[in-house]
$ cat work.cif   # mmCIF, C-alpha atoms
data_target
loop_
_atom_site.label_atom_id
_atom_site.label_comp_id
_atom_site.auth_asym_id
_atom_site.auth_seq_id
_atom_site.Cartn_x
_atom_site.Cartn_y
_atom_site.Cartn_z
CA MET A 520 -16.36 -9.13 -13.65
CA ILE A 521 -13.18 -7.20 -14.31
CA ARG A 522 -10.33 -7.55 -11.84
CA LEU A 523 -7.70 -4.80 -12.03
CA ILE A 524 -4.13 -5.96 -11.48
CA GLN A 525 -1.09 -3.72 -11.67
CA GLY A 526 2.04 -5.21 -13.19
CA ARG A 527 4.01 -4.39 -10.06
CA ASP A 528 1.57 -6.49 -7.98
CA ARG A 529 1.56 -9.50 -10.22
CA ARG A 530 3.25 -11.72 -7.63
CA ASN A 531 0.15 -11.28 -5.45
CA PHE A 532 -2.03 -12.80 -8.19
CA PRO A 533 -0.01 -15.79 -9.43
CA ARG A 534 -3.02 -17.82 -10.60
CA GLU A 535 -4.69 -15.00 -12.52
CA ILE A 536 -1.41 -13.89 -14.09
CA ASP A 537 -0.53 -17.45 -15.12
CA GLU A 538 -3.94 -17.94 -16.72
CA MET A 539 -3.66 -14.60 -18.51
CA PHE A 540 -0.26 -15.26 -20.10
CA ARG A 541 -1.41 -18.76 -21.15
CA LEU A 542 -4.59 -17.32 -22.62
CA ARG A 543 -2.48 -14.82 -24.58
CA ALA A 544 -0.28 -17.63 -25.94
CA ASN A 545 -3.41 -19.47 -27.00
CA VAL A 546 -4.99 -16.42 -28.63
CA PHE A 547 -2.03 -14.76 -30.32
CA ARG A 548 0.20 -17.70 -31.25
CA ASP A 549 -2.25 -20.57 -31.72
CA ARG A 550 -5.40 -18.87 -32.91
CA MET A 551 -4.19 -15.77 -34.71
CA GLY A 552 -0.80 -17.03 -35.81
CA TRP A 553 1.13 -13.97 -34.70
CA GLU A 554 4.88 -14.24 -34.37
CA VAL A 555 4.92 -13.82 -30.63
CA VAL A 556 7.47 -15.36 -28.31
CA VAL A 557 6.03 -17.99 -25.99
CA LYS A 558 8.17 -19.17 -23.13
CA ASP A 559 7.06 -21.92 -20.74
CA GLY A 560 3.53 -21.54 -22.05
CA TRP A 561 3.46 -17.78 -21.42
CA GLU A 562 3.14 -15.12 -24.09
CA ILE A 563 4.97 -12.29 -22.36
CA ASP A 564 6.92 -9.40 -23.87
CA ARG A 565 9.05 -6.45 -22.85
CA PHE A 566 6.02 -4.22 -22.33
CA ASP A 567 4.86 -6.53 -19.56
CA GLU A 568 8.03 -5.52 -17.71
CA LEU A 569 6.86 -1.90 -17.64
CA ASP A 570 4.26 -2.35 -14.89
CA PRO A 571 1.17 -2.00 -17.08
CA LEU A 572 -2.37 -2.14 -15.77
CA TYR A 573 -4.13 -5.41 -16.62
CA LEU A 574 -7.86 -5.82 -16.86
CA LEU A 575 -8.81 -9.46 -16.39
CA CYS A 576 -12.28 -10.71 -17.14
CA LEU A 577 -13.19 -13.47 -14.69
CA ASP A 578 -16.19 -15.77 -14.92
CA GLU A 579 -18.28 -16.95 -11.96
CA HIS A 580 -15.60 -19.52 -11.07
CA GLU A 581 -12.96 -16.76 -11.19
CA THR A 582 -11.40 -18.34 -14.27
CA VAL A 583 -9.69 -15.83 -16.57
CA ARG A 584 -11.76 -15.59 -19.76
CA GLY A 585 -10.20 -12.48 -21.26
CA SER A 586 -7.62 -9.79 -20.64
CA VAL A 587 -6.23 -6.52 -21.88
CA ARG A 588 -3.15 -4.44 -21.06
CA LEU A 589 -3.02 -0.66 -20.60
CA LEU A 590 0.06 1.56 -20.74
CA PRO A 591 0.36 5.35 -20.60
CA THR A 592 1.50 6.92 -23.89
CA THR A 593 3.84 9.27 -22.01
CA GLY A 594 6.09 6.25 -21.48
CA PRO A 595 7.22 3.42 -23.77
CA ASN A 596 4.36 1.59 -25.50
CA MET A 597 3.74 -0.73 -28.46
CA LEU A 598 2.26 1.74 -30.92
CA ASN A 599 5.07 4.27 -30.64
CA ASP A 600 7.94 1.85 -30.19
CA VAL A 601 6.97 -1.14 -32.35
CA PHE A 602 4.20 -0.12 -34.74
CA SER A 603 5.18 3.48 -35.52
CA GLU A 604 4.74 2.68 -39.24
CA LEU A 605 1.02 2.89 -38.53
CA LEU A 606 1.38 6.56 -37.58
CA PRO A 607 1.69 9.47 -40.02
CA GLY A 608 5.39 10.12 -40.56
CA GLY A 609 6.15 7.50 -37.92
CA ILE A 610 5.84 10.32 -35.36
CA PRO A 611 4.91 9.05 -31.88
CA VAL A 612 1.61 10.08 -30.31
CA ARG A 613 1.81 10.98 -26.64
CA SER A 614 -0.42 12.62 -24.10
CA ALA A 615 -1.08 12.50 -20.38
CA LEU A 616 -4.73 12.05 -21.40
CA MET A 617 -4.19 8.98 -23.55
CA TRP A 618 -3.37 5.37 -22.75
CA GLU A 619 -2.62 2.53 -25.08
CA SER A 620 -4.60 -0.68 -25.03
CA SER A 621 -2.87 -3.84 -26.25
CA ARG A 622 -3.06 -7.66 -26.12
CA PHE A 623 -6.88 -7.68 -26.09
CA SER A 624 -7.70 -11.35 -25.75
CA VAL A 625 -10.83 -13.43 -25.29
CA ASP A 626 -10.84 -17.21 -24.80
CA HIS A 627 -12.46 -19.33 -27.49
CA ARG A 628 -15.29 -20.61 -25.28
CA SER A 629 -16.40 -17.04 -24.63
CA LEU A 630 -16.22 -16.21 -28.33
CA ALA A 631 -18.62 -19.04 -29.07
CA GLU A 632 -21.14 -17.60 -26.64
CA ARG A 633 -21.96 -14.75 -28.97
CA THR A 634 -25.63 -14.56 -29.79
CA GLU A 635 -26.98 -13.31 -33.10
CA LYS A 636 -27.30 -9.71 -32.09
CA LYS A 637 -25.25 -9.29 -28.99
CA LEU A 638 -21.60 -9.07 -28.32
CA ASN A 639 -20.12 -11.87 -26.22
CA ARG A 640 -20.06 -10.95 -22.58
CA VAL A 641 -16.27 -11.10 -22.10
CA THR A 642 -15.57 -8.70 -24.97
CA GLY A 643 -18.29 -6.38 -23.65
CA GLU A 644 -16.95 -6.40 -20.11
CA LEU A 645 -13.38 -5.79 -21.22
CA LEU A 646 -14.31 -2.83 -23.41
CA ILE A 647 -16.59 -1.30 -20.77
CA GLY A 648 -13.83 -1.87 -18.21
CA ILE A 649 -11.24 -0.05 -20.32
CA PHE A 650 -13.42 3.00 -20.86
CA ASP A 651 -14.66 3.07 -17.27
CA VAL A 652 -11.14 3.03 -15.84
CA ALA A 653 -10.02 5.62 -18.41
CA ALA A 654 -12.88 7.97 -17.53
CA ARG A 655 -12.22 7.63 -13.82
CA ALA A 656 -8.53 8.44 -14.43
CA GLY A 657 -9.51 11.65 -16.28
CA LEU A 658 -8.39 10.46 -19.72
CA GLU A 659 -9.74 11.58 -23.08
CA PHE A 660 -8.39 8.95 -25.46
CA ILE A 661 -7.41 5.33 -25.82
CA VAL A 662 -5.19 4.32 -28.73
CA SER A 663 -4.75 0.82 -29.98
CA VAL A 664 -3.31 -1.21 -32.82
CA TYR A 665 -5.87 -3.62 -34.20
CA ASP A 666 -6.27 -5.88 -37.20
CA VAL A 667 -9.19 -6.51 -39.56
CA MET A 668 -10.68 -9.16 -37.30
CA MET A 669 -10.58 -6.98 -34.20
CA GLY A 670 -11.96 -4.18 -36.36
CA ARG A 671 -15.07 -6.28 -36.96
CA VAL A 672 -15.41 -6.99 -33.24
CA LEU A 673 -15.11 -3.28 -32.47
CA LYS A 674 -17.74 -2.47 -35.03
CA ARG A 675 -20.12 -4.98 -33.49
CA ALA A 676 -19.36 -3.44 -30.09
CA ARG A 677 -20.21 0.04 -31.46
CA CYS A 678 -16.74 0.97 -30.25
CA HIS A 679 -16.03 3.72 -32.75
CA ALA A 680 -12.41 4.00 -33.93
CA GLU A 681 -10.88 6.88 -35.82
CA PRO A 682 -7.91 5.75 -37.93
CA LEU A 683 -4.72 7.64 -37.05
CA GLY A 684 -2.69 6.62 -40.04
CA PRO A 685 -2.50 4.26 -43.00
CA ALA A 686 -3.48 0.61 -42.83
CA VAL A 687 -0.37 -1.54 -43.05
CA ARG A 688 0.04 -5.24 -43.66
CA ILE A 689 1.57 -6.77 -40.56
CA GLY A 690 2.01 -10.54 -40.76
CA LYS A 691 -1.03 -12.00 -42.46
CA THR A 692 -3.54 -9.17 -42.01
CA MET A 693 -3.95 -5.44 -42.40
CA SER A 694 -3.50 -3.51 -39.18
CA TYR A 695 -4.51 -0.05 -38.07
CA ALA A 696 -3.74 2.42 -35.31
CA GLY A 697 -7.10 3.55 -33.98
CA LEU A 698 -8.13 6.41 -31.75
CA PHE A 699 -11.04 5.97 -29.34
CA GLU A 700 -12.69 8.77 -27.44
CA VAL A 701 -13.38 8.26 -23.75
CA GLY A 702 -16.74 9.56 -22.56
CA PRO A 703 -20.43 8.98 -21.97
CA GLU A 704 -21.15 8.46 -25.67
CA MET A 705 -18.67 5.59 -25.88
CA MET A 706 -20.02 4.06 -22.70
CA ALA A 707 -23.62 4.27 -23.91
CA ASN A 708 -22.67 2.62 -27.21
CA LEU A 709 -20.81 -0.23 -25.50
CA ARG A 710 -23.67 -0.85 -23.09
CA LEU A 711 -26.17 -0.87 -25.91
CA ALA A 712 -24.11 -3.29 -28.00
CA SER A 713 -23.30 -5.64 -25.12
CA GLY A 714 -26.53 -5.42 -23.15
CA ILE A 715 -24.42 -5.02 -20.00
CA THR A 716 -26.01 -2.45 -17.70
CA LYS A 717 -24.15 -3.08 -14.44
CA ASP A 718 -20.71 -1.88 -13.36
CA VAL A 719 -18.13 -4.43 -14.46
CA ILE A 720 -15.11 -3.50 -12.35
CA GLU A 721 -14.62 -5.47 -9.16
CA VAL A 722 -15.12 -2.96 -6.36
CA GLU A 723 -12.50 -4.48 -4.07
CA SER A 724 -9.71 -4.52 -6.67
CA ALA A 725 -10.43 -0.90 -7.64
CA ARG A 726 -10.32 0.17 -4.00
CA THR A 727 -7.09 -1.72 -3.36
CA ILE A 728 -5.41 0.06 -6.25
CA GLY A 729 -6.76 3.42 -5.12
CA LEU A 730 -9.20 4.13 -7.92
CA ALA A 731 -11.89 6.56 -6.86
CA ALA A 732 -15.50 5.35 -6.76
CA ALA A 733 -17.38 5.52 -10.04
CA MET B 850 -10.18 25.85 -17.60
CA PHE B 851 -7.53 28.41 -16.59
CA GLU B 852 -7.90 32.10 -16.04
CA ARG B 853 -5.78 34.99 -17.22
CA THR B 854 -3.42 35.18 -14.25
CA PHE B 855 -2.59 31.58 -14.77
CA PHE B 856 -0.96 32.28 -18.10
CA ASP B 857 1.35 34.75 -16.41
CA VAL B 858 2.52 31.93 -14.21
CA VAL B 859 2.93 29.66 -17.20
CA GLU B 860 4.88 32.32 -19.05
CA GLN B 861 7.25 32.79 -16.13
CA LEU B 862 7.93 29.13 -16.43
CA SER B 863 9.00 29.40 -20.02
CA VAL B 864 12.38 30.09 -18.53
CA LYS B 865 13.88 26.69 -18.12
CA LYS B 866 13.92 26.09 -14.42
CA ARG B 867 12.84 23.39 -12.04
CA PRO B 868 9.24 23.51 -10.82
CA SER B 869 9.35 25.62 -7.68
CA ALA B 870 7.23 25.71 -4.54
CA GLU B 871 6.06 29.11 -5.68
CA PHE B 872 4.70 27.64 -8.90
CA LEU B 873 2.98 24.81 -7.04
CA ARG B 874 1.46 27.36 -4.67
CA SER B 875 -0.03 29.28 -7.58
CA ILE B 876 -1.68 26.10 -8.90
CA ALA B 877 -2.93 25.16 -5.42
CA ARG B 878 -4.54 28.61 -5.08
CA ARG B 879 -6.10 28.39 -8.51
CA TYR B 880 -7.70 25.04 -7.69
CA GLY B 881 -8.62 25.77 -4.10
CA LEU B 882 -6.24 23.09 -2.80
CA ASN B 883 -4.29 23.12 0.45
CA HIS B 884 -1.11 21.66 -0.93
CA LEU B 885 0.76 20.17 -3.87
CA VAL B 886 3.91 18.10 -3.96
CA TYR B 887 6.02 16.85 -6.83
CA PHE B 888 8.71 14.26 -6.33
CA THR B 889 11.11 12.57 -8.75
CA ILE B 890 14.01 10.16 -8.66
CA ASN B 891 16.04 7.99 -11.07
CA LEU B 892 16.22 10.68 -13.72
CA PRO B 893 18.17 9.98 -16.92
CA VAL B 894 20.84 12.50 -15.92
CA ALA B 895 22.98 12.68 -12.85
CA THR B 896 21.29 14.71 -10.10
CA ASP B 897 21.95 15.11 -6.40
CA GLY B 898 19.47 12.33 -5.57
CA PRO B 899 15.72 12.81 -5.44
CA TYR B 900 14.20 16.17 -6.23
CA TYR B 901 11.01 17.48 -4.76
CA ALA B 902 9.03 20.68 -4.66
CA THR B 903 6.19 21.19 -2.23
CA THR B 904 3.93 23.73 -0.65
CA TYR B 905 3.86 21.77 2.62
CA SER B 906 5.16 23.58 5.67
CA GLN B 907 8.80 23.01 6.54
CA GLN B 908 7.59 21.53 9.82
CA TRP B 909 5.58 18.79 8.10
CA VAL B 910 8.40 18.02 5.68
CA SER B 911 10.89 17.65 8.54
CA HIS B 912 8.43 15.63 10.58
CA TYR B 913 7.84 13.34 7.57
CA PHE B 914 11.55 12.76 7.06
CA VAL B 915 12.47 12.46 10.74
CA HIS B 916 9.83 9.75 11.22
CA ASN B 917 10.80 8.11 7.95
CA TYR B 918 7.18 8.31 6.81
CA ALA B 919 8.18 7.57 3.23
CA SER B 920 8.47 3.96 4.39
CA ILE B 921 4.81 3.76 5.48
CA ASP B 922 3.01 6.54 3.53
CA PRO B 923 0.23 4.48 1.90
CA ALA B 924 -0.53 7.08 -0.79
CA LEU B 925 3.09 6.97 -1.92
CA HIS B 926 3.22 3.18 -1.83
CA LYS B 927 0.03 2.75 -3.83
CA THR B 928 1.23 5.25 -6.42
CA LEU B 929 4.77 4.03 -7.13
CA GLY B 930 4.91 1.66 -10.08
CA GLY B 931 1.25 2.18 -10.94
CA ILE B 932 -0.45 4.13 -13.68
CA LEU B 933 -3.73 5.05 -11.95
CA PRO B 934 -4.32 8.12 -9.82
CA VAL B 935 -4.67 7.10 -6.18
CA ASP B 936 -7.54 8.68 -4.26
CA TRP B 937 -6.57 8.91 -0.59
CA ALA B 938 -10.21 8.23 0.30
CA THR B 939 -9.66 4.60 -0.77
CA ILE B 940 -6.84 4.08 1.72
CA ASP B 941 -7.55 1.70 4.58
CA LYS B 942 -6.87 3.72 7.73
CA THR B 943 -7.73 1.06 10.30
CA ALA B 944 -4.12 0.18 11.21
CA ALA B 945 -2.96 2.28 14.18
CA HIS B 946 0.25 3.59 12.56
CA ILE B 947 -1.63 4.65 9.40
CA ARG B 948 -4.30 6.39 11.45
CA LYS B 949 -1.56 8.18 13.38
CA PHE B 950 0.15 9.23 10.14
CA PHE B 951 -3.03 10.73 8.67
CA GLY B 952 -3.92 12.33 12.01
CA GLU B 953 -0.56 14.07 12.14
CA ALA B 954 -0.87 15.12 8.50
CA MET B 955 -4.17 16.79 9.43
CA ASP B 956 -2.52 18.53 12.39
CA PHE B 957 0.13 19.93 10.05
CA GLY B 958 -2.55 21.29 7.72
CA VAL B 959 -2.15 18.80 4.87
CA GLY B 960 -5.90 18.18 4.58
CA ASN B 961 -8.22 15.23 4.79
CA GLN B 962 -8.50 14.48 1.06
CA GLY B 963 -5.94 13.95 -1.65
CA LEU B 964 -4.91 12.45 -4.94
CA SER B 965 -1.54 11.07 -5.98
CA PHE B 966 -0.59 10.61 -9.63
CA PRO B 967 2.19 8.38 -10.88
CA ILE B 968 3.90 9.99 -13.87
CA ARG B 969 5.31 7.77 -16.61
CA GLY B 970 8.19 9.16 -18.60
CA LEU B 971 10.32 7.79 -21.41
CA TYR B 972 13.34 7.05 -19.27
CA HIS B 973 12.01 4.64 -16.61
CA GLU B 974 12.26 7.47 -14.12
CA THR B 975 9.98 7.72 -11.11
CA ALA B 976 7.80 10.76 -10.53
CA VAL B 977 4.77 11.43 -8.37
CA PHE B 978 2.49 14.43 -8.23
CA SER B 979 0.16 14.75 -5.22
CA LEU B 980 -2.42 17.24 -4.12
CA ALA B 981 -4.32 17.66 -0.87
CA ALA B 982 -7.48 19.49 0.15
CA SER B 983 -9.89 19.97 3.03
CA GLN B 984 -13.28 18.89 1.80
CA SER B 985 -16.18 16.70 2.87
CA ASP B 986 -16.33 13.26 1.24
CA THR B 987 -19.27 14.27 -0.95
CA GLU B 988 -17.63 17.52 -2.13
CA TRP B 989 -14.42 15.70 -2.77
CA GLN B 990 -15.97 13.00 -4.92
CA VAL B 991 -17.43 15.60 -7.28
CA TYR B 992 -14.34 17.81 -7.19
CA ALA B 993 -11.86 14.99 -7.87
CA ARG B 994 -13.87 13.69 -10.81
CA HIS B 995 -14.25 17.16 -12.28
CA TYR B 996 -10.57 18.12 -12.16
CA MET B 997 -8.95 14.72 -12.72
CA ARG B 998 -8.15 15.62 -16.32
CA ASP B 999 -6.53 18.93 -15.36
CA PHE B 1000 -4.39 17.28 -12.72
CA GLN B 1001 -3.22 14.57 -15.13
CA ILE B 1002 -1.96 17.30 -17.46
CA ILE B 1003 -0.44 19.43 -14.70
CA GLY B 1004 1.51 16.51 -13.23
CA CYS B 1005 2.93 15.63 -16.61
CA PHE B 1006 3.65 19.29 -17.36
CA ILE B 1007 5.58 19.78 -14.11
CA HIS B 1008 7.61 16.67 -14.80
CA SER B 1009 8.45 17.80 -18.34
CA ARG B 1010 9.58 21.14 -16.92
CA MET B 1011 11.85 19.29 -14.55
CA LEU B 1012 13.40 17.26 -17.35
CA GLU B 1013 13.81 20.34 -19.56
CA ALA B 1014 15.54 22.18 -16.74
CA LEU B 1015 18.02 19.32 -16.62
CA GLY B 1016 18.52 19.44 -20.36
CA VAL B 1017 16.64 16.22 -21.11
CA ASP B 1018 14.63 16.11 -24.33
CA THR B 1019 11.01 15.52 -23.35
CA SER B 1020 9.64 14.76 -26.80
CA PRO B 1021 12.38 13.09 -28.82
CA GLY B 1022 11.66 13.09 -32.53
CA SER B 1023 8.30 14.79 -32.31
CA PRO B 1024 7.92 17.64 -34.78
CA LEU B 1025 4.40 19.00 -35.17
CA LEU B 1026 2.49 17.37 -38.01
CA ARG B 1027 0.77 19.35 -40.74
CA ARG B 1028 -2.66 18.50 -39.34
CA GLU B 1029 -1.68 19.62 -35.87
CA LEU B 1030 -0.43 22.96 -37.20
CA GLU B 1031 -3.61 23.40 -39.23
CA CYS B 1032 -5.77 22.77 -36.17
CA LEU B 1033 -3.69 25.24 -34.15
CA ARG B 1034 -3.99 27.83 -36.92
CA TRP B 1035 -7.79 27.60 -37.07
CA SER B 1036 -7.90 27.63 -33.30
CA ALA B 1037 -5.79 30.81 -33.30
CA ILE B 1038 -8.45 32.66 -35.28
CA GLY B 1039 -11.18 31.49 -32.98
CA LYS B 1040 -12.67 28.49 -34.76
CA THR B 1041 -14.22 25.84 -32.55
CA LYS B 1042 -13.19 22.19 -32.81
CA TRP B 1043 -16.38 21.45 -34.67
CA GLU B 1044 -15.80 24.29 -37.18
CA THR B 1045 -12.19 23.26 -37.67
CA GLY B 1046 -13.36 19.74 -38.36
CA GLU B 1047 -15.81 21.00 -41.00
CA ILE B 1048 -13.11 23.07 -42.67
CA LEU B 1049 -10.54 20.28 -42.71
CA GLY B 1050 -13.03 17.53 -43.46
CA ILE B 1051 -12.16 15.54 -40.34
CA SER B 1052 -14.21 14.68 -37.26
CA GLU B 1053 -14.41 16.93 -34.22
CA ARG B 1054 -12.89 14.04 -32.28
CA THR B 1055 -9.82 14.03 -34.51
CA VAL B 1056 -9.45 17.80 -34.16
CA LYS B 1057 -9.54 17.38 -30.39
CA PHE B 1058 -6.86 14.72 -30.70
CA HIS B 1059 -4.59 16.85 -32.95
CA LEU B 1060 -4.88 19.83 -30.62
CA ASP B 1061 -4.07 17.62 -27.63
CA GLN B 1062 -1.01 16.27 -29.48
CA ALA B 1063 0.11 19.82 -30.29
CA ARG B 1064 -0.41 20.81 -26.67
CA HIS B 1065 1.69 17.91 -25.47
CA LYS B 1066 4.48 18.48 -28.01
CA LEU B 1067 4.67 22.16 -27.13
CA ASN B 1068 4.62 21.21 -23.45
CA CYS B 1069 1.62 23.37 -22.65
CA MET B 1070 -1.11 22.97 -20.08
CA ASN B 1071 -3.98 23.75 -22.44
CA VAL B 1072 -4.74 24.48 -26.07
CA THR B 1073 -5.00 28.26 -25.57
CA HIS B 1074 -1.47 28.28 -24.24
CA ALA B 1075 -0.31 26.01 -27.07
CA VAL B 1076 -1.74 28.44 -29.63
CA ALA B 1077 -0.02 31.37 -27.92
CA LYS B 1078 3.27 29.49 -27.85
CA ALA B 1079 2.99 28.39 -31.49
CA LEU B 1080 2.39 32.02 -32.50
CA ALA B 1081 5.22 33.27 -30.30
CA ILE B 1082 7.80 30.90 -31.75
CA GLY B 1083 6.53 31.38 -35.30
CA LEU B 1084 5.18 27.87 -35.91
CA ILE B 1085 1.94 29.45 -37.08
CA THR B 1086 0.88 32.97 -38.04
CA SER B 1087 -2.46 34.54 -37.26
CA GLY B 1088 -2.74 36.15 -40.73
#

$ encode --input "work.cif" --output "structure tokens"
Amino acid sequence: MIRLIQGRDRRNFPREIDEMFRLRANVFRDRMGWEVVVKDGWEIDRFDELDPLYLLCLDEHETVRGSVRLLPTTGPNMLNDVFSELLPGGIPVRSALMWESSRFSVDHRSLAERTEKKLNRVTGELLIGIFDVAARAGLEFIVSVYDVMMGRVLKRARCHAEPLGPAVRIGKTMSYAGLFEVGPEMMANLRLASGITKDVIEVESARTIGLAAA
Amino acid sequence: MFERTFFDVVEQLSVKKRPSAEFLRSIARRYGLNHLVYFTINLPVATDGPYYATTYSQQWVSHYFVHNYASIDPALHKTLGGILPVDWATIDKTAAHIRKFFGEAMDFGVGNQGLSFPIRGLYHETAVFSLAASQSDTEWQVYARHYMRDFQIIGCFIHSRMLEALGVDTSPGSPLLRRELECLRWSAIGKTKWETGEILGISERTVKFHLDQARHKLNCMNVTHAVAKALAIGLITSG
């Protein structure tokens, strides 16, 4: 299940937020070896101060198993402000119809649950959640910076990415800026790859935020 | 998406001026809405406090201010600091003061349905674009879903107009890329996105993206208008 939490409301969800920032430290610093700043166990950066929208994947015990962060491209975001070298001419990409997805993270237990053919459930729910919210907000595109490893996950998820610019070595791996189209085709692909047929977004959290019914 | 008369309105706006009630009224008419309101504060330049433009009656605006409804208006509170459009249908109206607020809004002709969009800019400013209509719940669900995309663009467009009128650069460092110009050029001579993709050897999806980028950089509400503007200012030629 995906719980939607707005950055501005994070004080109302102290447990979920704490688990999310710890999960991010575990994923990005410990597992992937990124040069991220971790303070008091939290991997948190300046983009978290911009009231993003978080999608948290909770298991049946409401433990946070994965998370992702969404920011509109009409405001400051990672691709334009940090990774502009991944864009042609370093020129920012902006549109009211496009949000940026960043800090996609899945805990290691969930990763291990992957079966031969299927995507692990947490990855599937997060991706379906992103494109469901985006469609309901009237968007056309999601952009995201991803590395080779995430590229493989996306491929397995049938989450088709169109490269926006050159691949660039960032840290230890090659990274890309990818464009994803929001729409029924994407949703059908994700559902096929993940085997998830039900709605993933928690009805109550969507209603609290004000998101119209699916 | 837009009809002919709409472009006239857009053209009038090419003059750098703040979004007016008259402009909002023309959009409301076009979309069969009762009312629109745009509100902004904390702009990157000194202004005389918040700015708003609305089609609401003067009576409702006064009533709203006199009763300090900004302090309880749930649509406004859900929208500020968020990134998702807020559908008024999701608002819990069981509390007496909220029920009273919406009841009075109805009496003043606001409407029973609405959407409020938070607008994110580059300068940490606050802006909200709201629209209201009189529709049944079923009609509204279909209508809101259908036009969500248009309203996202319109809200952002109005806000950019506001910033431009104040002399703020709305797309710092964003010249049009070669690919974007090429897509506009093929669009200008009537090629579809698919055809343009075939010609340029890129996917239809990427063409759609380039045209949307061009539209945003030229601060236009749709691709047709972006093509017209690019031709008018000589970025592309139709020859």

$ interface_residues --input "work.cif" --of "chain B" --to "chain A" --cutoff "7 Å" --atoms "all atoms listed in the file" --output "PyMOL selection string"
chain B and resi 927+930-936+939-940+969-971+994+997-998+1001-1002+1005+1023+1062+1065

$ closest_residue --input "work.cif" --among "A:Met551, A:Leu605, A:Leu542, A:Glu581" --to "Met668 (chain A)" --atoms "only C-alpha atoms"
A:Met551

$ axis_aligned_box --input "work.cif" --around "region 522-532 of chain A" --padding-each-side "3 Å" --output "lines of an AutoDock Vina configuration file"
center_x = -3.2
center_y = -8.3
center_z = -9.3
size_x = 20.3
size_y = 15.1
size_z = 13.7

$ closest_residue --input "work.cif" --among "B:Ile968, B:Ala1079, B:Ala982, B:Ile921" --to "His946 (chain B)" --atoms "only C-alpha atoms"
B:Ile921

$ residues_around --input "work.cif" --residues "Asn883 (chain B)" --least-positions-apart "5" --cutoff "10 Å" --atoms "all atoms listed in the file" --output "PDB file with C-alpha atoms, in the frame of the given file"
ATOM      1  CA  ARG B 874       1.460  27.360  -4.670  1.00  0.00           C
ATOM      2  CA  ALA B 877      -2.930  25.160  -5.420  1.00  0.00           C
ATOM      3  CA  ARG B 878      -4.540  28.610  -5.080  1.00  0.00           C
ATOM      4  CA  THR B 904       3.930  23.730  -0.650  1.00  0.00           C
ATOM      5  CA  TYR B 905       3.860  21.770   2.620  1.00  0.00           C
ATOM      6  CA  GLY B 958      -2.550  21.290   7.720  1.00  0.00           C
ATOM      7  CA  VAL B 959      -2.150  18.800   4.870  1.00  0.00           C
ATOM      8  CA  GLY B 960      -5.900  18.180   4.580  1.00  0.00           C
ATOM      9  CA  ASN B 961      -8.220  15.230   4.790  1.00  0.00           C
ATOM     10  CA  GLN B 962      -8.500  14.480   1.060  1.00  0.00           C
ATOM     11  CA  GLY B 963      -5.940  13.950  -1.650  1.00  0.00           C
ATOM     12  CA  LEU B 980      -2.420  17.240  -4.120  1.00  0.00           C
ATOM     13  CA  ALA B 981      -4.320  17.660  -0.870  1.00  0.00           C
ATOM     14  CA  ALA B 982      -7.480  19.490   0.150  1.00  0.00           C
ATOM     15  CA  SER B 983      -9.890  19.970   3.030  1.00  0.00           C
TER      16      SER B 983
END

$ residues_near_point --input "work.cif" --point "(-12.2, 22.1, -31.2)" --cutoff "12 Å" --atoms "all atoms listed in the file" --output "count of residues only"
33

$ resolve_selection --input "work.cif" --expression "the PyMOL selection byres ((chain B and resi 922) around 10)" --output "list in words"
Tyr913, Asn917, Tyr918, Ala919, Ser920, Ile921, Pro923, Ala924, Leu925, His926, Lys927, His946, Ile947, Phe950 and Phe951 of chain B

$ residues_around --input "work.cif" --residues "Asp666 (chain A)" --least-positions-apart "6" --cutoff "8 Å" --atoms "all atoms listed in the file" --output "PyMOL selection string"
chain A and resi 692-695

$ atom_distance --input "work.cif" --atom1 "CA of Leu709 (chain A)" --atom2 "CA of Gly552 (chain A)"
28.1 Å

$ atom_distance --input "work.cif" --atom1 "CA of Glu721 (chain A)" --atom2 "CA of Leu523 (chain A)"
7.5 Å

$ atom_distance --input "work.cif" --atom1 "CA of Ala680 (chain A)" --atom2 "CA of Phe650 (chain A)"
13.1 Å

$ resolve_selection --input "work.cif" --expression "the PyMOL selection byres ((chain A and resi 715) around 12)" --output "list in words"
Met520, Lys637, Leu638, Asn639, Arg640, Val641, Thr642, Gly643, Glu644, Leu645, Leu646, Ile647, Gly648, Ala676, Met706, Ala707, Asn708, Leu709, Arg710, Leu711, Ala712, Ser713, Gly714, Thr716, Lys717, Asp718 and Val719 of chain A

$ closest_residue --input "work.cif" --among "B:Leu1067, B:Ala1077, B:Met1011, B:Arg1028" --to "Thr896 (chain B)" --atoms "all atoms listed in the file"
B:Met1011

$ resolve_selection --input "work.cif" --expression "the PyMOL selection byres ((chain B and resi 909) around 10)" --output "PyMOL selection string"
chain B and resi 905-908+910-915+953-954+956-959

$ residues_near_point --input "work.cif" --point "(-4.8, -3.7, -26.6)" --cutoff "10 Å" --atoms "all atoms listed in the file" --output "list of chain:residue names"
A:Ser586, A:Val587, A:Arg588, A:Leu589, A:Leu590, A:Met597, A:Leu598, A:Trp618, A:Glu619, A:Ser620, A:Ser621, A:Arg622, A:Phe623, A:Ser624, A:Ile649, A:Ile661, A:Val662, A:Ser663, A:Val664, A:Tyr665
